[in-house]
>>> print(open('work.cif').read())   # mmCIF, C-alpha atoms
data_data
loop_
_atom_site.label_atom_id
_atom_site.label_comp_id
_atom_site.auth_asym_id
_atom_site.auth_seq_id
_atom_site.Cartn_x
_atom_site.Cartn_y
_atom_site.Cartn_z
CA MET A 1 6.18 16.47 14.18
CA ALA A 2 5.15 13.31 12.35
CA THR A 3 7.59 11.65 9.96
CA LEU A 4 6.52 11.56 6.31
CA VAL A 5 6.97 8.13 4.70
CA ILE A 6 6.38 7.87 0.95
CA GLY A 7 6.03 4.42 -0.60
CA LEU A 8 6.64 4.45 -4.35
CA GLY A 9 4.57 2.38 -6.75
CA ASN A 10 2.08 2.52 -9.58
CA PRO A 11 -1.68 3.01 -9.14
CA GLY A 12 -4.16 0.42 -10.36
CA GLY A 13 -4.94 -3.18 -9.54
CA GLU A 14 -2.86 -4.51 -12.41
CA TYR A 15 0.29 -3.22 -10.68
CA ALA A 16 -0.54 -4.18 -7.09
CA SER A 17 1.63 -7.30 -6.93
CA THR A 18 4.43 -6.16 -9.24
CA ARG A 19 8.06 -5.76 -8.25
CA HIS A 20 7.76 -2.00 -8.71
CA ASN A 21 5.13 -1.74 -5.95
CA VAL A 22 7.10 -2.95 -2.94
CA GLY A 23 7.13 0.64 -1.62
CA TRP A 24 3.32 0.77 -1.65
CA ARG A 25 3.18 -2.66 -0.03
CA THR A 26 5.51 -1.52 2.77
CA VAL A 27 3.22 1.44 3.48
CA ALA A 28 0.28 -0.98 3.60
CA GLU A 29 2.17 -3.12 6.13
CA LEU A 30 2.84 -0.07 8.30
CA GLU A 31 -0.88 0.80 8.13
CA ARG A 32 -1.75 -2.73 9.17
CA ARG A 33 0.50 -2.48 12.22
CA GLY A 34 -0.63 0.93 13.42
CA ARG A 35 -3.59 3.12 14.18
CA PHE A 36 -4.54 5.50 11.41
CA GLY A 37 -7.28 7.92 10.48
CA ARG A 38 -9.24 7.70 7.28
CA GLU A 39 -7.37 7.79 4.01
CA ARG A 40 -7.61 11.15 2.26
CA ARG A 41 -6.44 12.65 -1.00
CA GLU A 42 -3.61 15.10 -0.66
CA GLY A 43 -2.85 16.36 -4.17
CA PRO A 44 -1.59 13.43 -6.23
CA SER A 45 -1.30 11.09 -3.20
CA LYS A 46 -3.36 8.98 -0.84
CA VAL A 47 -2.41 9.84 2.73
CA ARG A 48 -3.13 8.43 6.19
CA GLU A 49 -1.97 9.99 9.45
CA GLY A 50 -1.53 8.06 12.66
CA SER A 51 1.00 6.06 14.61
CA VAL A 52 2.99 2.85 14.47
CA ASP A 53 4.55 1.57 17.70
CA GLY A 54 3.70 4.91 19.33
CA LEU A 55 5.53 6.90 16.64
CA ASP A 56 3.68 9.62 14.72
CA VAL A 57 3.85 9.11 10.97
CA VAL A 58 2.18 10.28 7.79
CA LEU A 59 2.03 7.49 5.23
CA ALA A 60 1.69 8.44 1.56
CA ARG A 61 1.19 6.56 -1.69
CA PRO A 62 1.64 8.72 -4.79
CA THR A 63 -1.20 8.18 -7.25
CA THR A 64 0.97 9.31 -10.14
CA TYR A 65 2.82 6.66 -12.06
CA MET A 66 6.28 5.85 -10.73
CA ASN A 67 8.11 8.09 -13.20
CA LEU A 68 6.17 11.14 -11.92
CA SER A 69 6.60 10.53 -8.18
CA GLY A 70 8.21 13.94 -7.73
CA ARG A 71 4.87 15.66 -8.32
CA ALA A 72 3.47 13.93 -5.25
CA GLY A 73 6.64 14.42 -3.22
CA ARG A 74 6.84 18.13 -3.95
CA HIS A 75 3.15 18.64 -3.11
CA LEU A 76 3.37 16.68 0.16
CA THR A 77 6.47 18.40 1.50
CA ALA A 78 5.05 21.84 0.65
CA LYS A 79 1.61 21.09 2.11
CA LEU A 80 2.91 19.44 5.29
CA GLY A 81 5.86 21.80 5.80
CA VAL A 82 8.35 18.94 5.86
CA PRO A 83 11.83 19.44 4.37
CA PRO A 84 12.76 16.70 1.84
CA GLU A 85 15.73 15.78 4.02
CA ASP A 86 13.29 14.57 6.71
CA VAL A 87 11.32 12.31 4.34
CA ILE A 88 11.70 8.51 4.17
CA VAL A 89 11.14 7.13 0.65
CA VAL A 90 10.59 3.37 0.26
CA HIS A 91 11.22 1.89 -3.20
CA ASP A 92 12.35 -1.10 -5.23
CA ASP A 93 15.97 -1.54 -6.33
CA LEU A 94 17.14 -3.75 -9.21
CA ASP A 95 20.76 -3.65 -8.04
CA LEU A 96 20.05 -5.49 -4.80
CA PRO A 97 19.17 -9.18 -4.64
CA LEU A 98 15.65 -10.04 -3.57
CA GLY A 99 15.29 -9.57 0.16
CA ARG A 100 18.24 -7.26 0.73
CA LEU A 101 17.59 -3.81 2.13
CA ARG A 102 19.83 -0.80 1.82
CA LEU A 103 19.13 2.22 4.00
CA ARG A 104 20.90 5.46 3.21
CA ARG A 105 20.62 9.19 2.84
CA GLY A 106 21.38 10.82 -0.48
CA GLY A 107 23.16 9.56 -3.54
CA SER A 108 22.11 8.95 -7.10
CA ALA A 109 18.82 7.52 -8.31
CA GLY A 110 20.64 4.42 -9.55
CA GLY A 111 18.30 4.15 -12.53
CA GLN A 112 15.14 4.25 -10.40
CA ARG A 113 12.99 6.76 -12.27
CA GLY A 114 10.65 7.54 -9.38
CA VAL A 115 13.65 8.48 -7.23
CA ARG A 116 15.13 10.47 -10.14
CA HIS A 117 11.88 12.47 -10.41
CA LEU A 118 11.88 13.13 -6.64
CA ILE A 119 15.49 14.38 -6.80
CA ASP A 120 14.63 16.65 -9.73
CA SER A 121 11.43 17.93 -8.09
CA TRP A 122 12.94 18.58 -4.67
CA GLN A 123 16.27 19.79 -6.09
CA THR A 124 18.06 17.64 -3.54
CA ASP A 125 19.10 14.02 -3.15
CA GLY A 126 19.36 14.37 0.64
CA PHE A 127 16.26 12.38 1.60
CA ILE A 128 16.35 8.99 3.32
CA ARG A 129 15.78 5.89 1.21
CA VAL A 130 14.75 2.39 2.16
CA ARG A 131 15.78 0.47 -0.94
CA ILE A 132 14.20 -2.98 -1.28
CA GLY A 133 16.06 -5.47 -3.45
CA ILE A 134 14.03 -7.10 -6.21
CA GLY A 135 16.96 -8.61 -8.13
CA ARG A 136 18.01 -8.26 -11.75
CA PRO A 137 15.91 -9.38 -14.71
CA PRO A 138 16.79 -12.61 -16.47
CA GLN A 139 19.27 -12.38 -19.33
CA GLY A 140 17.65 -10.71 -22.35
CA MET A 141 14.66 -9.28 -20.46
CA ASP A 142 14.14 -5.52 -20.43
CA ALA A 143 14.33 -4.02 -16.92
CA ALA A 144 11.19 -1.92 -17.54
CA ASP A 145 9.21 -5.09 -18.29
CA TYR A 146 10.73 -6.94 -15.33
CA VAL A 147 9.72 -4.37 -12.70
CA LEU A 148 6.13 -4.40 -13.98
CA GLU A 149 5.77 -8.17 -13.60
CA PRO A 150 4.48 -9.89 -10.46
CA PHE A 151 6.88 -11.87 -8.33
CA ASP A 152 6.93 -15.51 -9.32
CA GLY A 153 7.26 -18.91 -7.60
CA ASP A 154 9.73 -18.89 -4.73
CA GLU A 155 9.95 -15.09 -4.83
CA ARG A 156 6.24 -14.76 -4.08
CA GLU A 157 6.67 -16.80 -0.89
CA ARG A 158 9.58 -14.64 0.27
CA VAL A 159 8.05 -11.23 -0.42
CA PRO A 160 5.83 -10.93 2.70
CA GLY A 161 8.91 -11.38 4.90
CA VAL A 162 10.82 -8.81 2.85
CA ILE A 163 7.98 -6.29 3.17
CA SER A 164 7.76 -6.92 6.92
CA ARG A 165 11.49 -6.33 7.30
CA ALA A 166 11.27 -3.10 5.27
CA ALA A 167 8.48 -1.90 7.58
CA ASP A 168 10.68 -2.78 10.57
CA ALA A 169 13.45 -0.67 9.00
CA VAL A 170 11.16 2.35 8.62
CA VAL A 171 10.08 2.07 12.28
CA ALA A 172 13.74 1.79 13.35
CA ILE A 173 14.67 4.93 11.39
CA VAL A 174 11.85 6.91 12.98
CA ARG A 175 12.57 5.60 16.49
CA GLU A 176 16.37 5.42 16.59
CA GLY A 177 17.65 7.45 13.65
CA LEU A 178 19.19 6.46 10.35
CA GLU A 179 22.67 5.39 11.50
CA PRO A 180 21.56 2.81 14.10
CA ALA A 181 18.95 1.46 11.64
CA MET A 182 21.60 1.15 8.92
CA ASN A 183 23.80 -0.89 11.26
CA VAL A 184 21.00 -3.45 11.62
CA PHE A 185 19.21 -3.50 8.28
CA ASN A 186 22.03 -3.01 5.76
CA ARG A 187 23.31 -6.48 6.59
CA ALA A 188 21.95 -9.52 4.78
CA PRO A 189 18.98 -11.00 6.67
CA ASP A 190 20.96 -14.15 7.46
CA ASP A 191 24.01 -12.33 8.90
#
>>> encode(input="work.cif", output="structure tokens")
Amino acid sequence: MATLVIGLGNPGGEYASTRHNVGWRTVAELERRGRFGRERREGPSKVREGSVDGLDVVLARPTTYMNLSGRAGRHLTAKLGVPPEDVIVVHDDLDLPLGRLRLRRGGSAGGQRGVRHLIDSWQTDGFIRVRIGIGRPPQGMDAADYVLEPFDGDERERVPGVISRAADAVVAIVREGLEPAMNVFNRAPDD
């Protein structure tokens, strides 16, 4: 059975390069690396089925706004017959510095509203997360405004490498399992 990977983000060109859309960008990187059929609508998501490095995956981008990601998640797991515990969700995380990844299963949403809506919709927090650090907003800036801004200056140059590493982490989870992938990717990139 193919692994379902959901990249969180917001639809629309104005959000494409924002901090909140690193999940969508990771899915795009996986598509670039693999062989996939045509994109299709599956409820409130855009979906492509295929393979990356010989591994069968279904890549999904919810077309709801971030705060309603659970609608897409619930539809996809029901339609594809995949338990939420077998899903990999890729999303931004304010509590990690830019470039850090944190792979884990379960736990709280940590303020990430898309993850909160998935937990509420699936009635479980037991899914796998690939959390991509985007750093904290500058002093005095609202976090909601920060996540909806594009990366700037030096950050912009670093982001392609961060997205590539997040895609590597997803492939490692599918190929080797969560624990071995955590041992590699939960360390700082320079360790």
>>> closest_residue(input="work.cif", among="A:Gly106, A:Gly140, A:Gly43, A:Gly12", to="Arg71 of chain A", atoms="all atoms listed in the file")
A:Gly43
>>> resolve_selection(input="work.cif", expression="the PyMOL selection byres ((chain A and resi 3) around 9)", output="JSON, numbers by chain")
{"A": [1, 2, 4, 5, 55, 56, 57, 58, 59, 82, 86, 87, 88, 174]}
>>> write_last_selection(input="work.cif", atoms="C-alpha atoms", output="tab-separated table (two decimals), in the frame of the given file")
chain	number	residue	atom	x	y	z
A	1	MET	CA	6.18	16.47	14.18
A	2	ALA	CA	5.15	13.31	12.35
A	4	LEU	CA	6.52	11.56	6.31
A	5	VAL	CA	6.97	8.13	4.70
A	55	LEU	CA	5.53	6.90	16.64
A	56	ASP	CA	3.68	9.62	14.72
A	57	VAL	CA	3.85	9.11	10.97
A	58	VAL	CA	2.18	10.28	7.79
A	59	LEU	CA	2.03	7.49	5.23
A	82	VAL	CA	8.35	18.94	5.86
A	86	ASP	CA	13.29	14.57	6.71
A	87	VAL	CA	11.32	12.31	4.34
A	88	ILE	CA	11.70	8.51	4.17
A	174	VAL	CA	11.85	6.91	12.98
>>> atom_distance(input="work.cif", atom1="atom CA of Trp24 of chain A", atom2="atom CA of Asp120 of chain A")
21.1 Å
>>> residues_around(input="work.cif", residues="Glu39 of chain A", least_positions_apart="4", cutoff="12 Å", atoms="only C-alpha atoms", output="PyMOL selection string")
chain A and resi 28+31+35+45-50+58-61
>>> resolve_selection(input="work.cif", expression="the PyMOL selection byres ((chain A and resi 123) around 12)", output="PyMOL selection string")
chain A and resi 70+73-74+83-85+106+115-122+124-127
>>> atom_distance(input="work.cif", atom1="atom CA of Gly54 of chain A", atom2="atom CA of Gly114 of chain A")
29.7 Å
>>> residues_around(input="work.cif", residues="Pro97 of chain A", least_positions_apart="5", cutoff="7 Å", atoms="all atoms listed in the file", output="number ranges by chain")
A: 133-135
